[in-house]
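Structure data follow from run-v9.pdb (PDB, C-alpha atoms):
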```pdb
ATOM      1  CA  ILE A   1      -4.145  -9.338  16.469  1.00  0.00           C
ATOM      2  CA  SER A   2      -3.975  -5.871  14.983  1.00  0.00           C
ATOM      3  CA  ASP A   3      -0.584  -5.749  13.220  1.00  0.00           C
ATOM      4  CA  SER A   4      -0.737  -6.804   9.545  1.00  0.00           C
ATOM      5  CA  ALA A   5       2.598  -8.636   9.717  1.00  0.00           C
ATOM      6  CA  ALA A   6       1.503 -10.476  12.865  1.00  0.00           C
ATOM      7  CA  ILE A   7      -1.708 -11.514  11.097  1.00  0.00           C
ATOM      8  CA  ALA A   8       0.285 -12.749   8.077  1.00  0.00           C
ATOM      9  CA  ARG A   9       2.609 -14.755  10.350  1.00  0.00           C
ATOM     10  CA  TYR A  10      -0.380 -16.271  12.167  1.00  0.00           C
ATOM     11  CA  LEU A  11      -2.069 -17.283   8.898  1.00  0.00           C
ATOM     12  CA  ASP A  12       1.204 -18.675   7.504  1.00  0.00           C
ATOM     13  CA  LYS A  13       1.642 -20.834  10.608  1.00  0.00           C
ATOM     14  CA  THR A  14      -1.986 -21.872  11.043  1.00  0.00           C
ATOM     15  CA  TYR A  15      -2.890 -22.528   7.390  1.00  0.00           C
ATOM     16  CA  PRO A  16       0.382 -23.296   5.590  1.00  0.00           C
ATOM     17  CA  SER A  17      -1.259 -25.145   2.699  1.00  0.00           C
ATOM     18  CA  LYS A  18      -4.147 -22.736   2.047  1.00  0.00           C
ATOM     19  CA  GLY A  19      -2.283 -20.104   0.034  1.00  0.00           C
ATOM     20  CA  PRO A  20       1.094 -18.529  -0.476  1.00  0.00           C
ATOM     21  CA  ILE A  21       3.337 -18.232   2.574  1.00  0.00           C
ATOM     22  CA  LEU A  22       3.563 -14.460   2.912  1.00  0.00           C
ATOM     23  CA  ILE A  23       6.502 -14.296   5.322  1.00  0.00           C
ATOM     24  CA  PRO A  24       8.731 -17.338   4.808  1.00  0.00           C
ATOM     25  CA  PRO A  25      10.707 -17.817   8.057  1.00  0.00           C
ATOM     26  CA  GLU A  26      14.025 -17.129   6.331  1.00  0.00           C
ATOM     27  CA  THR A  27      12.724 -13.716   5.203  1.00  0.00           C
ATOM     28  CA  ASP A  28      11.211 -12.579   8.492  1.00  0.00           C
ATOM     29  CA  ALA A  29      13.959 -10.060   9.284  1.00  0.00           C
ATOM     30  CA  LEU A  30      13.864  -8.695   5.731  1.00  0.00           C
ATOM     31  CA  HIS A  31      10.095  -8.252   5.929  1.00  0.00           C
ATOM     32  CA  ALA A  32      10.436  -6.428   9.256  1.00  0.00           C
ATOM     33  CA  ALA A  33      13.003  -4.132   7.614  1.00  0.00           C
ATOM     34  CA  PHE A  34      10.708  -3.653   4.611  1.00  0.00           C
ATOM     35  CA  GLN A  35       7.770  -2.729   6.844  1.00  0.00           C
ATOM     36  CA  ALA A  36       9.836  -0.159   8.735  1.00  0.00           C
ATOM     37  CA  ALA A  37      11.260   1.319   5.515  1.00  0.00           C
ATOM     38  CA  PHE A  38       7.865   1.359   3.784  1.00  0.00           C
ATOM     39  CA  LEU A  39       6.113   3.128   6.647  1.00  0.00           C
ATOM     40  CA  SER A  40       9.001   5.537   7.040  1.00  0.00           C
ATOM     41  CA  ALA A  41       8.954   6.426   3.341  1.00  0.00           C
ATOM     42  CA  THR A  42       5.190   6.812   3.039  1.00  0.00           C
ATOM     43  CA  PHE A  43       4.132   8.267   6.368  1.00  0.00           C
ATOM     44  CA  ILE A  44       7.185   9.644   8.197  1.00  0.00           C
ATOM     45  CA  THR A  45      10.377  10.880   6.560  1.00  0.00           C
ATOM     46  CA  ALA A  46      13.865  10.667   8.054  1.00  0.00           C
ATOM     47  CA  THR A  47      13.420  14.125   9.553  1.00  0.00           C
ATOM     48  CA  PHE A  48      10.183  13.016  11.257  1.00  0.00           C
ATOM     49  CA  VAL A  49       8.060  15.193   9.010  1.00  0.00           C
ATOM     50  CA  LYS A  50       4.896  13.456   7.868  1.00  0.00           C
ATOM     51  CA  GLY A  51       5.448  11.692   4.548  1.00  0.00           C
ATOM     52  CA  PRO A  52       3.416  12.187   1.356  1.00  0.00           C
ATOM     53  CA  PHE A  53       0.939   9.303   1.577  1.00  0.00           C
ATOM     54  CA  GLY A  54      -1.243  10.670   4.394  1.00  0.00           C
ATOM     55  CA  PRO A  55      -1.977  14.075   2.840  1.00  0.00           C
ATOM     56  CA  ILE A  56      -2.817  12.429  -0.505  1.00  0.00           C
ATOM     57  CA  ILE A  57      -5.040   9.604   0.754  1.00  0.00           C
ATOM     58  CA  LEU A  58      -6.641  10.765   4.006  1.00  0.00           C
ATOM     59  CA  PRO A  59      -8.880  13.609   2.743  1.00  0.00           C
ATOM     60  CA  PRO A  60     -10.553  11.666  -0.097  1.00  0.00           C
ATOM     61  CA  THR A  61     -10.995   8.653   2.196  1.00  0.00           C
ATOM     62  CA  CYS A  62     -13.609  10.635   4.095  1.00  0.00           C
ATOM     63  CA  ALA A  63     -15.846  10.635   1.007  1.00  0.00           C
ATOM     64  CA  VAL A  64     -16.265   6.834   1.108  1.00  0.00           C
ATOM     65  CA  LEU A  65     -17.105   6.656   4.818  1.00  0.00           C
ATOM     66  CA  ASN A  66     -20.528   6.791   6.396  1.00  0.00           C
ATOM     67  CA  PRO A  67     -21.211   9.980   8.388  1.00  0.00           C
ATOM     68  CA  ARG A  68     -20.368   8.523  11.807  1.00  0.00           C
ATOM     69  CA  SER A  69     -17.120   6.962  10.555  1.00  0.00           C
ATOM     70  CA  ASP A  70     -16.240  10.162   8.694  1.00  0.00           C
ATOM     71  CA  GLU A  71     -16.575  12.196  11.909  1.00  0.00           C
ATOM     72  CA  TYR A  72     -14.415   9.718  13.851  1.00  0.00           C
ATOM     73  CA  PHE A  73     -11.826   9.455  11.057  1.00  0.00           C
ATOM     74  CA  ARG A  74     -11.497  13.238  10.731  1.00  0.00           C
ATOM     75  CA  ARG A  75     -11.158  13.670  14.486  1.00  0.00           C
ATOM     76  CA  GLU A  76      -8.612  10.879  15.036  1.00  0.00           C
ATOM     77  CA  ARG A  77      -6.488  11.553  11.932  1.00  0.00           C
ATOM     78  CA  GLY A  78      -6.841  15.287  12.433  1.00  0.00           C
ATOM     79  CA  ASP A  79      -5.194  14.949  15.859  1.00  0.00           C
ATOM     80  CA  VAL A  80      -2.080  13.675  14.068  1.00  0.00           C
ATOM     81  CA  PHE A  81      -2.149  15.444  10.690  1.00  0.00           C
ATOM     82  CA  GLY A  82      -4.189  18.571  11.368  1.00  0.00           C
ATOM     83  CA  PRO A  83      -7.436  19.451   9.545  1.00  0.00           C
ATOM     84  CA  LEU A  84      -7.708  16.886   6.748  1.00  0.00           C
ATOM     85  CA  ASP A  85      -9.276  19.269   4.243  1.00  0.00           C
ATOM     86  CA  GLU A  86      -6.179  21.474   4.480  1.00  0.00           C
ATOM     87  CA  LEU A  87      -3.591  18.711   3.931  1.00  0.00           C
ATOM     88  CA  ALA A  88      -3.602  18.568   0.140  1.00  0.00           C
ATOM     89  CA  PRO A  89      -6.666  20.141  -1.499  1.00  0.00           C
ATOM     90  CA  PHE A  90      -7.308  18.909  -5.036  1.00  0.00           C
ATOM     91  CA  GLY A  91      -5.713  21.221  -7.602  1.00  0.00           C
ATOM     92  CA  SER A  92      -3.471  22.947  -5.052  1.00  0.00           C
ATOM     93  CA  GLU A  93       0.303  23.435  -5.193  1.00  0.00           C
ATOM     94  CA  LYS A  94       0.423  21.699  -1.832  1.00  0.00           C
ATOM     95  CA  ARG A  95      -1.142  18.564  -3.339  1.00  0.00           C
ATOM     96  CA  ALA A  96       1.158  18.753  -6.361  1.00  0.00           C
ATOM     97  CA  GLY A  97       4.156  18.807  -4.012  1.00  0.00           C
ATOM     98  CA  HIS A  98       2.917  15.795  -2.010  1.00  0.00           C
ATOM     99  CA  TRP A  99       2.109  13.997  -5.274  1.00  0.00           C
ATOM    100  CA  LYS A 100       5.636  14.627  -6.576  1.00  0.00           C
ATOM    101  CA  ASP A 101       7.117  13.356  -3.290  1.00  0.00           C
ATOM    102  CA  LEU A 102       4.920  10.259  -3.419  1.00  0.00           C
ATOM    103  CA  GLY A 103       6.180   9.626  -6.963  1.00  0.00           C
ATOM    104  CA  LYS A 104       9.748   9.668  -5.616  1.00  0.00           C
ATOM    105  CA  VAL A 105       8.787   7.144  -2.950  1.00  0.00           C
ATOM    106  CA  TYR A 106       7.287   4.749  -5.501  1.00  0.00           C
ATOM    107  CA  SER A 107      10.341   5.193  -7.727  1.00  0.00           C
ATOM    108  CA  MET A 108      12.420   4.133  -4.734  1.00  0.00           C
ATOM    109  CA  PHE A 109      10.231   1.015  -4.363  1.00  0.00           C
ATOM    110  CA  ALA A 110      10.689   0.331  -8.093  1.00  0.00           C
ATOM    111  CA  GLY A 111      14.437   0.545  -7.515  1.00  0.00           C
ATOM    112  CA  TRP A 112      14.180  -2.000  -4.701  1.00  0.00           C
ATOM    113  CA  LEU A 113      12.450  -4.392  -7.068  1.00  0.00           C
ATOM    114  CA  GLY A 114      14.742  -3.691 -10.006  1.00  0.00           C
ATOM    115  CA  THR A 115      15.334  -6.440 -12.514  1.00  0.00           C
ATOM    116  CA  ASP A 116      16.458 -10.035 -12.282  1.00  0.00           C
ATOM    117  CA  VAL A 117      19.865 -11.278 -13.452  1.00  0.00           C
ATOM    118  CA  TYR A 118      18.503 -11.523 -17.004  1.00  0.00           C
ATOM    119  CA  GLY A 119      17.351  -7.894 -17.049  1.00  0.00           C
ATOM    120  CA  LYS A 120      13.652  -8.805 -16.745  1.00  0.00           C
ATOM    121  CA  GLU A 121      11.543  -6.470 -14.609  1.00  0.00           C
ATOM    122  CA  ARG A 122      10.751  -7.887 -11.177  1.00  0.00           C
ATOM    123  CA  LEU A 123       7.187  -7.076 -10.163  1.00  0.00           C
ATOM    124  CA  PHE A 124       7.161  -9.048  -6.910  1.00  0.00           C
ATOM    125  CA  PHE A 125       9.696  -8.863  -4.104  1.00  0.00           C
ATOM    126  CA  MET A 126      10.463 -12.589  -4.045  1.00  0.00           C
ATOM    127  CA  GLY A 127      10.924 -12.607  -7.805  1.00  0.00           C
ATOM    128  CA  GLY A 128       9.030 -14.821 -10.195  1.00  0.00           C
ATOM    129  CA  GLU A 129       5.272 -15.096  -9.773  1.00  0.00           C
ATOM    130  CA  GLY A 130       5.112 -15.760  -6.020  1.00  0.00           C
ATOM    131  CA  ILE A 131       3.874 -13.033  -3.720  1.00  0.00           C
ATOM    132  CA  CYS A 132       5.002 -12.187  -0.200  1.00  0.00           C
ATOM    133  CA  TYR A 133       3.999  -9.823   2.599  1.00  0.00           C
ATOM    134  CA  ALA A 134       5.843  -6.872   1.019  1.00  0.00           C
ATOM    135  CA  ASP A 135       3.802  -7.323  -2.175  1.00  0.00           C
ATOM    136  CA  VAL A 136       0.545  -7.535  -0.221  1.00  0.00           C
ATOM    137  CA  THR A 137       1.467  -4.328   1.604  1.00  0.00           C
ATOM    138  CA  LEU A 138       1.998  -2.470  -1.681  1.00  0.00           C
ATOM    139  CA  ALA A 139      -1.144  -3.994  -3.183  1.00  0.00           C
ATOM    140  CA  GLY A 140      -3.214  -2.887  -0.191  1.00  0.00           C
ATOM    141  CA  PHE A 141      -1.975   0.678  -0.538  1.00  0.00           C
ATOM    142  CA  PHE A 142      -2.724   0.628  -4.267  1.00  0.00           C
ATOM    143  CA  LYS A 143      -6.223  -0.728  -3.648  1.00  0.00           C
ATOM    144  CA  SER A 144      -6.995   1.984  -1.126  1.00  0.00           C
ATOM    145  CA  MET A 145      -5.707   4.626  -3.536  1.00  0.00           C
ATOM    146  CA  GLN A 146      -7.744   3.193  -6.406  1.00  0.00           C
ATOM    147  CA  LYS A 147     -10.866   3.384  -4.246  1.00  0.00           C
ATOM    148  CA  VAL A 148     -10.550   7.052  -3.266  1.00  0.00           C
ATOM    149  CA  LEU A 149      -8.402   8.908  -5.805  1.00  0.00           C
ATOM    150  CA  PRO A 150      -9.897  10.735  -8.766  1.00  0.00           C
ATOM    151  CA  THR A 151      -9.455   8.809 -12.016  1.00  0.00           C
ATOM    152  CA  GLU A 152      -6.839  11.220 -13.379  1.00  0.00           C
ATOM    153  CA  GLU A 153      -4.628  10.802 -10.290  1.00  0.00           C
ATOM    154  CA  TRP A 154      -5.058   7.019 -10.335  1.00  0.00           C
ATOM    155  CA  ASP A 155      -4.131   6.930 -14.027  1.00  0.00           C
ATOM    156  CA  ASP A 156      -1.091   9.107 -13.320  1.00  0.00           C
ATOM    157  CA  LEU A 157       0.022   6.755 -10.539  1.00  0.00           C
ATOM    158  CA  MET A 158      -0.370   3.730 -12.802  1.00  0.00           C
ATOM    159  CA  ALA A 159       1.900   5.403 -15.374  1.00  0.00           C
ATOM    160  CA  TRP A 160       4.725   6.030 -12.875  1.00  0.00           C
ATOM    161  CA  ASP A 161       7.996   4.204 -13.369  1.00  0.00           C
ATOM    162  CA  GLY A 162       7.232   3.286 -16.952  1.00  0.00           C
ATOM    163  CA  GLY A 163       3.876   1.712 -16.076  1.00  0.00           C
ATOM    164  CA  ARG A 164       5.431  -0.714 -13.575  1.00  0.00           C
ATOM    165  CA  TRP A 165       2.631  -0.186 -11.055  1.00  0.00           C
ATOM    166  CA  ALA A 166      -0.115  -0.843 -13.608  1.00  0.00           C
ATOM    167  CA  ARG A 167       1.614  -4.141 -14.414  1.00  0.00           C
ATOM    168  CA  PHE A 168       1.944  -4.889 -10.685  1.00  0.00           C
ATOM    169  CA  VAL A 169      -1.765  -4.203 -10.054  1.00  0.00           C
ATOM    170  CA  GLU A 170      -2.744  -6.332 -13.055  1.00  0.00           C
ATOM    171  CA  LYS A 171      -0.565  -9.271 -11.928  1.00  0.00           C
ATOM    172  CA  PHE A 172      -2.015  -8.993  -8.420  1.00  0.00           C
ATOM    173  CA  GLN A 173      -5.654  -9.235  -9.545  1.00  0.00           C
ATOM    174  CA  PRO A 174      -5.901 -13.032  -9.151  1.00  0.00           C
ATOM    175  CA  TYR A 175      -5.314 -12.532  -5.422  1.00  0.00           C
ATOM    176  CA  GLU A 176      -8.252 -10.151  -5.104  1.00  0.00           C
ATOM    177  CA  ALA A 177     -10.899 -12.807  -5.707  1.00  0.00           C
ATOM    178  CA  VAL A 178     -12.311 -14.655  -2.735  1.00  0.00           C
ATOM    179  CA  ASP A 179     -13.593 -18.201  -3.100  1.00  0.00           C
ATOM    180  CA  SER A 180     -16.518 -17.941  -0.696  1.00  0.00           C
ATOM    181  CA  GLY A 181     -16.801 -21.731  -0.521  1.00  0.00           C
ATOM    182  CA  SER A 182     -13.261 -22.273   0.775  1.00  0.00           C
ATOM    183  CA  VAL A 183     -14.050 -21.056   4.285  1.00  0.00           C
ATOM    184  CA  LEU A 184     -15.787 -24.337   5.030  1.00  0.00           C
ATOM    185  CA  GLU A 185     -12.719 -26.279   3.885  1.00  0.00           C
ATOM    186  CA  LEU A 186     -10.407 -24.850   6.552  1.00  0.00           C
TER     187      LEU A 186
END
```

Would you give me this structure, written as structure tokens?
Amino acid sequence: ISDSAAIARYLDKTYPSKGPILIPPETDALHAAFQAAFLSATFITATFVKGPFGPIILPPTCAVLNPRSDEYFRRERGDVFGPLDELAPFGSEKRAGHWKDLGKVYSMFAGWLGTDVYGKERLFFMGGEGICYADVTLAGFFKSMQKVLPTEEWDDLMAWDGGRWARFVEKFQPYEAVDSGSVLEL
């Protein structure tokens, strides 16, 4: 299984009592819509021009890969995006433009989350403290960005939307730990 949503559905069905249900059956259509909207906003815009996430994240990703993986990554992604080193060089106006566009995308996500009926900020898509597939998708993108972005860009991202994303990342931290002993309990 190679599709993240398909993996989440499989785990939900196979191990329903081993963690949060990421795609409750009654939200399946909404999660499919979220996935399409998320990918469209981050990678491909409505006019089919590549979105802002790829140019920001792909070039610095190469720095964390081993040489063989770096060569493969550059070749495969380069076939789609063009030469990676030219997408959004650090300090360039090109990068600043992609960064600004990415900020608009995350502001749109913040708008989707909004506030609850009492005016309290909603950090997770299902509301409350429970996470779902949409939250895991955002968290995965944040984790990849944290791994490869320079500190100043990461800090800038965490300040977007009044610091909402820093609060999101902080609230998501309990889900990052793996209990290595639990594998035997499945």

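Atom pair CA of Pro60 (chain A) / CA of Met108 (chain A) has a distance of 24.6 Å (rounded to one decimal).
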
Give me, as a count of residues only, all polymer residues having an atom no more than 12 Å from Leu149 (chain A), counting all atoms listed in the file and skipping those fewer than 5 positions away in the same chain. 22

Have a look at A:Pro25, A:Ala110, A:Leu39, A:Gly51 and name the one nearest to Lys13 (chain A); count all atoms listed in the file.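 The answer is A:Pro25, which sits nearest to Lys13 (chain A).
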
Best match for closeness to Ala159 (chain A) among A:Gly103, A:Gly128, A:Ile23, A:Gln146, counting all atoms listed in the file: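 Looking at the shortest contact to Ala159 (chain A), the residue is A:Gly103.
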
Please indicate the distance in Å from CA of Gly91 (chain A) to CA of Val148 (chain A), rounded to one decimal place.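 It comes out at 15.6 Å.
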
Among the residues A:Phe109, A:Phe34, A:Tyr118, A:Tyr133, the one that comes closest to Arg164 (chain A) [using all atoms listed in the file]: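 Closest candidate: A:Phe109.
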
Selection near Ser107 (chain A), 10 Å with only C-alpha atoms, sequence-local residues under 6 positions removed, as a list in words: Asp101, Leu113, Trp160, Asp161, Gly162, Arg164 and Trp165 of chain A

Nearest residue to Tyr106 (chain A) from the set A:Glu176, A:Phe73, A:Glu153, A:Leu138 (distances using only C-alpha atoms): A:Leu138

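When CA of Leu22 (chain A) is paired with CA of Ala5 (chain A), their separation reads 9.0 Å.
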
Skipping near chain neighbours, those fewer than 5 positions away, what residues fall within 9 Å of Asp12 (chain A) using all atoms listed in the file, listed as a list in words?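 What passes the distance filter is Ile7, Ser17, Lys18, Gly19, Pro20, Ile21, Leu22, Ile23 and Pro24 of chain A.
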
Of A:Thr14, A:Ser92, A:Gly54, A:Gly127, the one nearest to Gly78 (chain A) when counting all atoms listed in the file is A:Gly54

Minimum-distance residue to Arg122 (chain A), chosen among A:Lys50, A:Ala37, A:Ala96, A:Arg167 (using only C-alpha atoms):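 Smallest distance to Arg122 (chain A) is found for A:Arg167.
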
Kindly provide, as lines of an AutoDock Vina configuration file, the centre and edge lengths (Å, one decimal) of an axis-aligned box around all atoms of region 48-65 of chain A given in the file, with 5 Å on each side.
```
center_x = -3.5
center_y = 10.9
center_z = 5.4
size_x = 37.3
size_y = 18.5
size_z = 21.8
```
